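K.L.:
Provided below: start-v7.pdb, containing PDB, C-alpha atoms.
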MODEL        1
ATOM      1  CA  GLN Z 412      59.471  50.443  99.661
ATOM      2  CA  GLU Z 413      63.203  49.875  99.157
ATOM      3  CA  ARG Z 414      62.712  50.071  95.388
ATOM      4  CA  ALA Z 415      60.714  53.280  95.854
ATOM      5  CA  LEU Z 416      63.534  54.800  97.909
ATOM      6  CA  GLN Z 417      66.071  53.963  95.216
ATOM      7  CA  ALA Z 418      63.978  54.788  92.161
ATOM      8  CA  LEU Z 419      61.861  57.701  93.419
ATOM      9  CA  GLY Z 420      64.050  59.152  96.159
ATOM     10  CA  PRO Z 421      66.130  61.270  93.770
ATOM     11  CA  ARG Z 422      62.925  62.919  92.471
ATOM     12  CA  TYR Z 423      60.976  63.479  95.661
ATOM     13  CA  LEU Z 424      63.405  63.314  98.598
ATOM     14  CA  ILE Z 425      65.078  66.550  99.631
ATOM     15  CA  PRO Z 426      68.416  65.994 101.365
ATOM     16  CA  PHE Z 427      68.865  67.601 104.765
ATOM     17  CA  GLN Z 428      70.896  70.779 104.475
ATOM     18  CA  HIS Z 429      72.160  73.607 106.633
ATOM     19  CA  GLY Z 430      70.512  76.586 105.024
ATOM     20  CA  ALA Z 431      66.962  77.611 104.241
ATOM     21  CA  LEU Z 432      65.067  75.612 101.661
ATOM     22  CA  ASP Z 433      63.964  77.499  98.545
ATOM     23  CA  PRO Z 434      60.387  76.267  98.031
ATOM     24  CA  HIS Z 435      60.175  77.884  94.581
ATOM     25  CA  ALA Z 436      63.211  75.895  93.425
ATOM     26  CA  VAL Z 437      61.851  72.670  94.964
ATOM     27  CA  PHE Z 438      58.276  72.892  93.678
ATOM     28  CA  GLY Z 439      58.753  75.099  90.635
ATOM     29  CA  ARG Z 440      56.149  77.599  91.759
ATOM     30  CA  THR Z 441      55.165  79.982  94.532
ATOM     31  CA  ALA Z 442      52.434  78.536  96.768
ATOM     32  CA  PRO Z 443      51.611  78.298 100.470
ATOM     33  CA  LEU Z 444      53.878  75.745 102.179
ATOM     34  CA  VAL Z 445      52.732  73.315 104.890
ATOM     35  CA  VAL Z 446      55.082  71.037 106.830
ATOM     36  CA  GLU Z 447      53.793  67.725 108.184
ATOM     37  CA  ILE Z 448      55.842  66.214 110.983
ATOM     38  CA  GLY Z 449      55.810  62.454 111.416
ATOM     39  CA  PHE Z 450      53.559  61.312 108.574
ATOM     40  CA  GLY Z 451      53.827  57.590 109.383
ATOM     41  CA  MET Z 452      53.016  55.584 106.266
ATOM     42  CA  GLY Z 453      51.823  58.727 104.473
ATOM     43  CA  GLN Z 454      48.269  57.784 103.478
ATOM     44  CA  ALA Z 455      46.649  60.867 105.028
ATOM     45  CA  THR Z 456      49.510  63.070 103.804
ATOM     46  CA  ALA Z 457      48.980  61.974 100.211
ATOM     47  CA  ASP Z 458      45.203  62.406 100.548
ATOM     48  CA  ILE Z 459      45.616  65.956 101.876
ATOM     49  CA  ALA Z 460      48.127  66.918  99.165
ATOM     50  CA  GLN Z 461      45.816  65.525  96.486
ATOM     51  CA  ALA Z 462      42.817  67.405  97.920
ATOM     52  CA  ARG Z 463      44.766  70.705  98.129
ATOM     53  CA  PRO Z 464      46.669  71.057  94.840
ATOM     54  CA  ASP Z 465      47.084  74.813  95.399
ATOM     55  CA  THR Z 466      49.294  74.172  98.477
ATOM     56  CA  ASP Z 467      52.791  72.650  98.650
ATOM     57  CA  PHE Z 468      53.579  70.084 101.337
ATOM     58  CA  LEU Z 469      56.843  69.005 102.911
ATOM     59  CA  GLY Z 470      56.651  65.776 104.894
ATOM     60  CA  VAL Z 471      59.286  65.187 107.570
ATOM     61  CA  GLU Z 472      59.751  61.600 108.745
ATOM     62  CA  VAL Z 473      62.621  59.401 109.924
ATOM     63  CA  HIS Z 474      60.882  55.999 109.574
ATOM     64  CA  GLU Z 475      62.265  54.550 106.331
ATOM     65  CA  PRO Z 476      59.318  52.224 105.516
ATOM     66  CA  GLY Z 477      56.960  55.194 105.829
ATOM     67  CA  VAL Z 478      59.148  57.301 103.562
ATOM     68  CA  GLY Z 479      59.180  54.492 100.968
ATOM     69  CA  ALA Z 480      55.404  54.082 101.191
ATOM     70  CA  LEU Z 481      54.783  57.795 100.703
ATOM     71  CA  LEU Z 482      57.199  57.906  97.763
ATOM     72  CA  GLN Z 483      55.073  55.208  96.104
ATOM     73  CA  ARG Z 484      51.898  57.208  96.744
ATOM     74  CA  ILE Z 485      53.451  60.410  95.353
ATOM     75  CA  ASP Z 486      54.443  58.578  92.185
ATOM     76  CA  GLU Z 487      51.149  56.681  91.748
ATOM     77  CA  ARG Z 488      49.091  59.870  92.145
ATOM     78  CA  GLN Z 489      51.617  62.150  90.388
ATOM     79  CA  LEU Z 490      51.590  64.610  93.281
ATOM     80  CA  GLY Z 491      53.746  67.527  92.199
ATOM     81  CA  ASN Z 492      53.006  69.414  95.428
ATOM     82  CA  LEU Z 493      54.547  66.954  97.920
ATOM     83  CA  ARG Z 494      58.194  66.361  98.863
ATOM     84  CA  ILE Z 495      59.894  64.554 101.756
ATOM     85  CA  VAL Z 496      62.833  65.212 104.064
ATOM     86  CA  GLN Z 497      63.980  62.070 105.871
ATOM     87  CA  HIS Z 498      65.564  63.636 108.923
ATOM     88  CA  ASP Z 499      64.910  64.780 112.496
ATOM     89  CA  ALA Z 500      62.105  67.367 112.539
ATOM     90  CA  VAL Z 501      63.779  69.720 115.016
ATOM     91  CA  GLU Z 502      66.912  69.968 112.870
ATOM     92  CA  VAL Z 503      64.856  70.401 109.699
ATOM     93  CA  LEU Z 504      62.867  73.251 111.235
ATOM     94  CA  GLN Z 505      65.949  74.919 112.695
ATOM     95  CA  SER Z 506      68.105  74.646 109.575
ATOM     96  CA  MET Z 507      65.877  74.360 106.525
ATOM     97  CA  VAL Z 508      62.732  76.356 107.312
ATOM     98  CA  ALA Z 509      62.960  80.133 107.451
ATOM     99  CA  PRO Z 510      61.136  82.037 110.197
ATOM    100  CA  ASP Z 511      57.668  83.345 109.274
ATOM    101  CA  SER Z 512      57.542  81.221 106.109
ATOM    102  CA  LEU Z 513      54.964  78.461 106.624
ATOM    103  CA  ALA Z 514      51.241  78.552 105.950
ATOM    104  CA  GLY Z 515      50.820  75.602 108.272
ATOM    105  CA  VAL Z 516      52.257  72.755 110.297
ATOM    106  CA  HIS Z 517      50.484  69.414 110.780
ATOM    107  CA  VAL Z 518      51.295  67.103 113.700
ATOM    108  CA  TYR Z 519      48.849  64.212 113.538
ATOM    109  CA  PHE Z 520      48.793  61.445 116.140
ATOM    110  CA  PRO Z 521      52.329  61.698 117.494
ATOM    111  CA  ASP Z 522      53.369  58.992 119.952
ATOM    112  CA  PRO Z 523      51.411  59.775 123.164
ATOM    113  CA  TRP Z 524      53.990  58.191 125.477
ATOM    114  CA  PRO Z 525      51.176  57.274 127.886
ATOM    115  CA  LYS Z 526      53.360  56.377 130.911
ATOM    116  CA  LYS Z 527      54.005  59.435 133.073
ATOM    117  CA  ARG Z 528      57.741  58.726 133.302
ATOM    118  CA  HIS Z 529      57.892  59.004 129.466
ATOM    119  CA  TRP Z 530      55.951  62.268 129.109
ATOM    120  CA  LYS Z 531      59.212  64.185 128.614
ATOM    121  CA  ARG Z 532      59.539  62.324 125.276
ATOM    122  CA  ARG Z 533      56.309  63.762 123.915
ATOM    123  CA  LEU Z 534      56.827  65.894 120.836
ATOM    124  CA  ILE Z 535      54.521  68.736 121.846
ATOM    125  CA  GLN Z 536      56.635  70.484 124.492
ATOM    126  CA  PRO Z 537      57.181  74.244 125.002
ATOM    127  CA  PRO Z 538      60.579  74.564 123.230
ATOM    128  CA  PHE Z 539      59.379  72.624 120.162
ATOM    129  CA  VAL Z 540      56.080  74.527 119.999
ATOM    130  CA  HIS Z 541      57.968  77.825 120.162
ATOM    131  CA  LEU Z 542      60.154  76.663 117.256
ATOM    132  CA  LEU Z 543      57.051  75.679 115.259
ATOM    133  CA  ALA Z 544      55.323  78.979 116.016
ATOM    134  CA  SER Z 545      58.394  80.941 114.934
ATOM    135  CA  ARG Z 546      58.291  79.248 111.518
ATOM    136  CA  LEU Z 547      54.634  80.108 110.870
ATOM    137  CA  ALA Z 548      53.829  83.144 108.775
ATOM    138  CA  PRO Z 549      51.262  85.529 110.283
ATOM    139  CA  GLY Z 550      47.912  83.769 110.020
ATOM    140  CA  GLY Z 551      49.558  80.350 109.640
ATOM    141  CA  VAL Z 552      47.969  77.352 111.339
ATOM    142  CA  LEU Z 553      49.507  74.764 113.640
ATOM    143  CA  HIS Z 554      47.152  71.802 113.704
ATOM    144  CA  CYS Z 555      47.697  68.905 116.120
ATOM    145  CA  ALA Z 556      45.560  65.822 116.636
ATOM    146  CA  THR Z 557      45.658  62.952 119.123
ATOM    147  CA  ASP Z 558      43.291  60.292 120.402
ATOM    148  CA  TRP Z 559      44.922  60.201 123.852
ATOM    149  CA  LEU Z 560      43.021  62.564 126.181
ATOM    150  CA  PRO Z 561      45.860  63.217 128.673
ATOM    151  CA  TYR Z 562      48.103  64.167 125.747
ATOM    152  CA  ALA Z 563      45.334  66.311 124.247
ATOM    153  CA  ASP Z 564      45.050  68.182 127.535
ATOM    154  CA  GLN Z 565      48.823  68.687 127.615
ATOM    155  CA  MET Z 566      48.807  69.870 123.987
ATOM    156  CA  LEU Z 567      46.070  72.389 124.757
ATOM    157  CA  GLU Z 568      48.017  73.682 127.768
ATOM    158  CA  VAL Z 569      51.373  73.916 125.949
ATOM    159  CA  LEU Z 570      49.917  75.471 122.809
ATOM    160  CA  GLY Z 571      47.858  77.907 124.886
ATOM    161  CA  ALA Z 572      50.964  79.058 126.772
ATOM    162  CA  GLU Z 573      52.861  79.956 123.576
ATOM    163  CA  PRO Z 574      52.515  83.741 123.090
ATOM    164  CA  LEU Z 575      52.944  83.510 119.298
ATOM    165  CA  LEU Z 576      49.820  81.309 118.996
ATOM    166  CA  ARG Z 577      46.104  81.891 119.431
ATOM    167  CA  ASN Z 578      43.546  79.082 119.616
ATOM    168  CA  THR Z 579      40.883  79.432 116.912
ATOM    169  CA  ALA Z 580      38.472  77.245 118.917
ATOM    170  CA  ASP Z 581      37.118  77.512 122.458
ATOM    171  CA  THR Z 582      39.066  74.389 123.469
ATOM    172  CA  PHE Z 583      39.553  71.521 121.022
ATOM    173  CA  ALA Z 584      39.018  72.272 117.334
ATOM    174  CA  PRO Z 585      36.867  70.069 115.083
ATOM    175  CA  ARG Z 586      38.599  67.993 112.412
ATOM    176  CA  PRO Z 587      38.941  70.119 109.276
ATOM    177  CA  ALA Z 588      37.216  68.755 106.187
ATOM    178  CA  TYR Z 589      40.529  68.345 104.321
ATOM    179  CA  ARG Z 590      42.011  65.978 106.924
ATOM    180  CA  PRO Z 591      40.955  62.374 106.356
ATOM    181  CA  GLU Z 592      40.708  59.925 109.225
ATOM    182  CA  THR Z 593      44.042  58.233 109.802
ATOM    183  CA  LYS Z 594      44.668  54.592 110.653
ATOM    184  CA  PHE Z 595      45.582  55.618 114.230
ATOM    185  CA  GLU Z 596      42.454  57.738 114.479
ATOM    186  CA  ARG Z 597      40.181  54.884 113.349
ATOM    187  CA  ARG Z 598      41.840  52.559 115.858
ATOM    188  CA  GLY Z 599      41.388  55.125 118.633
ATOM    189  CA  LEU Z 600      37.741  55.668 117.752
ATOM    190  CA  ALA Z 601      37.156  51.889 117.722
ATOM    191  CA  LEU Z 602      38.604  51.785 121.252
ATOM    192  CA  GLY Z 603      36.242  54.543 122.343
ATOM    193  CA  HIS Z 604      38.811  57.327 122.449
ATOM    194  CA  GLY Z 605      37.879  60.880 121.553
ATOM    195  CA  VAL Z 606      39.935  62.666 118.905
TER     196      VAL Z 606
ENDMDL
END
Output the file's structure in the form of structure tokens.
P.N.:
Amino acid sequence: QERALQALGPRYLIPFQHGALDPHAVFGRTAPLVVEIGFGMGQATADIAQARPDTDFLGVEVHEPGVGALLQRIDERQLGNLRIVQHDAVEVLQSMVAPDSLAGVHVYFPDPWPKKRHWKRRLIQPPFVHLLASRLAPGGVLHCATDWLPYADQMLEVLGAEPLLRNTADTFAPRPAYRPETKFERRGLALGHGV
């Protein structure tokens, strides 16, 4: 992973910057752009990018081993539609992503912070959701997934309270065909958790 960061980082890592990213300059084309926040080790991210070559993906992650692992996957699969920013997601969205510009945002299996005293650390909170919603183009999709029911209920409540968003399902949405099962999802299912 360290070798991947050194050898592949210059090709696939986008440095954090103050100022909107130019997706055409980054990807060399005009295509819908999806941001994934917190991709972990990047297996599902690479699978999704490979399955959707007509869409560009920007992964945002701070965990260096995960960034290195995804760089290896990008190189092995020659994924021209996937780049990474290794930086805090809030700052990336505020500084690098223009309002009304994204076709989608993926937030898959963020830390559920199961203890009540830690709930304030959960990623899906009203200010963050408002920021995400402001970056979506009309018709864009914010897709969240968790295997922790109390967090799922909170997500549904917070997302439902954001006036810029509308739920496309009655309550929880089914897993879209393009999203593979993640390692965390398989573990949750094995423990009897719903997703």
K.L.:
Under the rule that all atoms listed in the file are counted, which of Z:Leu570, Z:Ala548, Z:Leu416, Z:Val516 is the nearest residue to Ile485 of chain Z?
P.N.:
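With all atoms listed in the file as the atom set, the closest residue is Z:Leu416.
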K.L.:
Care to translate the PyMOL selection byres ((chain Z and resi 493-496) around 10) into actual residues of this file, as a VMD selection string?
P.N.:
chain Z and resid 420 422 to 428 437 to 438 444 to 448 450 456 to 457 459 to 461 464 466 to 473 478 481 to 482 485 489 to 492 497 to 500 503 507
K.L.:
Go ahead and save the picked residues with C-alpha atoms, as a compact mmCIF listing (two decimals), in the coordinates of the input.
P.N.:
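Output saved as again22.txt:
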# COMPACT_ATOMS: atom_id res chain seq x y z
CA GLY Z 420 64.05 59.15 96.16
CA ARG Z 422 62.92 62.92 92.47
CA TYR Z 423 60.98 63.48 95.66
CA LEU Z 424 63.40 63.31 98.60
CA ILE Z 425 65.08 66.55 99.63
CA PRO Z 426 68.42 65.99 101.36
CA PHE Z 427 68.86 67.60 104.76
CA GLN Z 428 70.90 70.78 104.48
CA VAL Z 437 61.85 72.67 94.96
CA PHE Z 438 58.28 72.89 93.68
CA LEU Z 444 53.88 75.74 102.18
CA VAL Z 445 52.73 73.32 104.89
CA VAL Z 446 55.08 71.04 106.83
CA GLU Z 447 53.79 67.72 108.18
CA ILE Z 448 55.84 66.21 110.98
CA PHE Z 450 53.56 61.31 108.57
CA THR Z 456 49.51 63.07 103.80
CA ALA Z 457 48.98 61.97 100.21
CA ILE Z 459 45.62 65.96 101.88
CA ALA Z 460 48.13 66.92 99.16
CA GLN Z 461 45.82 65.53 96.49
CA PRO Z 464 46.67 71.06 94.84
CA THR Z 466 49.29 74.17 98.48
CA ASP Z 467 52.79 72.65 98.65
CA PHE Z 468 53.58 70.08 101.34
CA LEU Z 469 56.84 69.00 102.91
CA GLY Z 470 56.65 65.78 104.89
CA VAL Z 471 59.29 65.19 107.57
CA GLU Z 472 59.75 61.60 108.74
CA VAL Z 473 62.62 59.40 109.92
CA VAL Z 478 59.15 57.30 103.56
CA LEU Z 481 54.78 57.80 100.70
CA LEU Z 482 57.20 57.91 97.76
CA ILE Z 485 53.45 60.41 95.35
CA GLN Z 489 51.62 62.15 90.39
CA LEU Z 490 51.59 64.61 93.28
CA GLY Z 491 53.75 67.53 92.20
CA ASN Z 492 53.01 69.41 95.43
CA GLN Z 497 63.98 62.07 105.87
CA HIS Z 498 65.56 63.64 108.92
CA ASP Z 499 64.91 64.78 112.50
CA ALA Z 500 62.10 67.37 112.54
CA VAL Z 503 64.86 70.40 109.70
CA MET Z 507 65.88 74.36 106.52
K.L.:
Produce a table with one row for each residue of segment 444-544 of chain Z that has an atom at most 12 Å from any atom of segment 574-587 of chain Z, each row naming the nearest atom pair and its distance in Å at one decimal; use only C-alpha atoms; arrange rows by chain and rising residue number; format as a tab-separated table.
P.N.:
residue	atom	partner	partner_atom	distance
Z:Ile459	CA	Z:Pro587	CA	10.8
Z:Asp511	CA	Z:Leu575	CA	11.1
Z:His517	CA	Z:Pro587	CA	11.7
Z:Tyr519	CA	Z:Arg586	CA	11.0
Z:Pro537	CA	Z:Pro574	CA	10.8
Z:Val540	CA	Z:Leu576	CA	9.3
Z:His541	CA	Z:Leu575	CA	7.6
Z:Leu542	CA	Z:Leu575	CA	10.2
Z:Leu543	CA	Z:Leu575	CA	9.7
Z:Ala544	CA	Z:Leu575	CA	6.1
K.L.:
Near Gly551 of chain Z, counting all atoms listed in the file, which residues have an atom at most 7 Å away, once you skip same-chain residues fewer than 6 positions from it, shown as a list in words?
P.N.:
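After dropping sequence-adjacent residues, the list is Leu513, Ala514 and Gly515 of chain Z.
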K.L.:
Assuming the chain letters and numbering stay as they are in my file, what does the PyMOL selection byres ((chain Z and resi 560) around 10) actually select? List them as a ChimeraX atom specification.
P.N.:
/Z:523,525,557-559,561-566,604-606
K.L.:
Please enumerate the residues selected by the PyMOL selection byres ((chain Z and resi 510) around 7) when evaluated against the supplied file, formatted as a PyMOL selection string.
P.N.:
chain Z and resi 508-509+511-512+545-547
K.L.:
Looking at all atoms listed in the file, which of Z:Glu596, Z:Asp522, Z:Glu413, Z:Asp458 is the one that sits closest to Arg488 of chain Z?
P.N.:
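The answer is Z:Asp458, which sits nearest to Arg488 of chain Z.
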K.L.:
Just want the 6 Å neighbourhood of Met452 of chain Z, counted on all atoms listed in the file, with same-chain residues fewer than 2 positions away dropped. Output as a short mmCIF file (atom, residue, chain, number, x, y, z; two decimals) with C-alpha atoms, keeping the file's coordinate frame.
P.N.:
data_model
loop_
_atom_site.label_atom_id
_atom_site.label_comp_id
_atom_site.auth_asym_id
_atom_site.auth_seq_id
_atom_site.Cartn_x
_atom_site.Cartn_y
_atom_site.Cartn_z
CA GLN Z 454 48.27 57.78 103.48
CA GLY Z 477 56.96 55.19 105.83
CA ALA Z 480 55.40 54.08 101.19
#
K.L.:
Record the distance separating atom CA of Glu573 of chain Z and atom CA of Gly449 of chain Z, expressed in Å with one decimal.
P.N.:
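Separation between atom CA of Glu573 of chain Z and atom CA of Gly449 of chain Z: 21.5 Å.
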K.L.:
Could you check how far atom CA of Glu568 of chain Z sits from atom CA of Cys555 of chain Z, in Å to one decimal?
P.N.:
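Value for the atom CA of Glu568 of chain Z-atom CA of Cys555 of chain Z distance: 12.6 Å.
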K.L.:
How far is it from atom CA of Arg597 of chain Z to atom CA of Leu534 of chain Z, in Å with one decimal?
P.N.:
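Distance between the two atoms: 21.3 Å.
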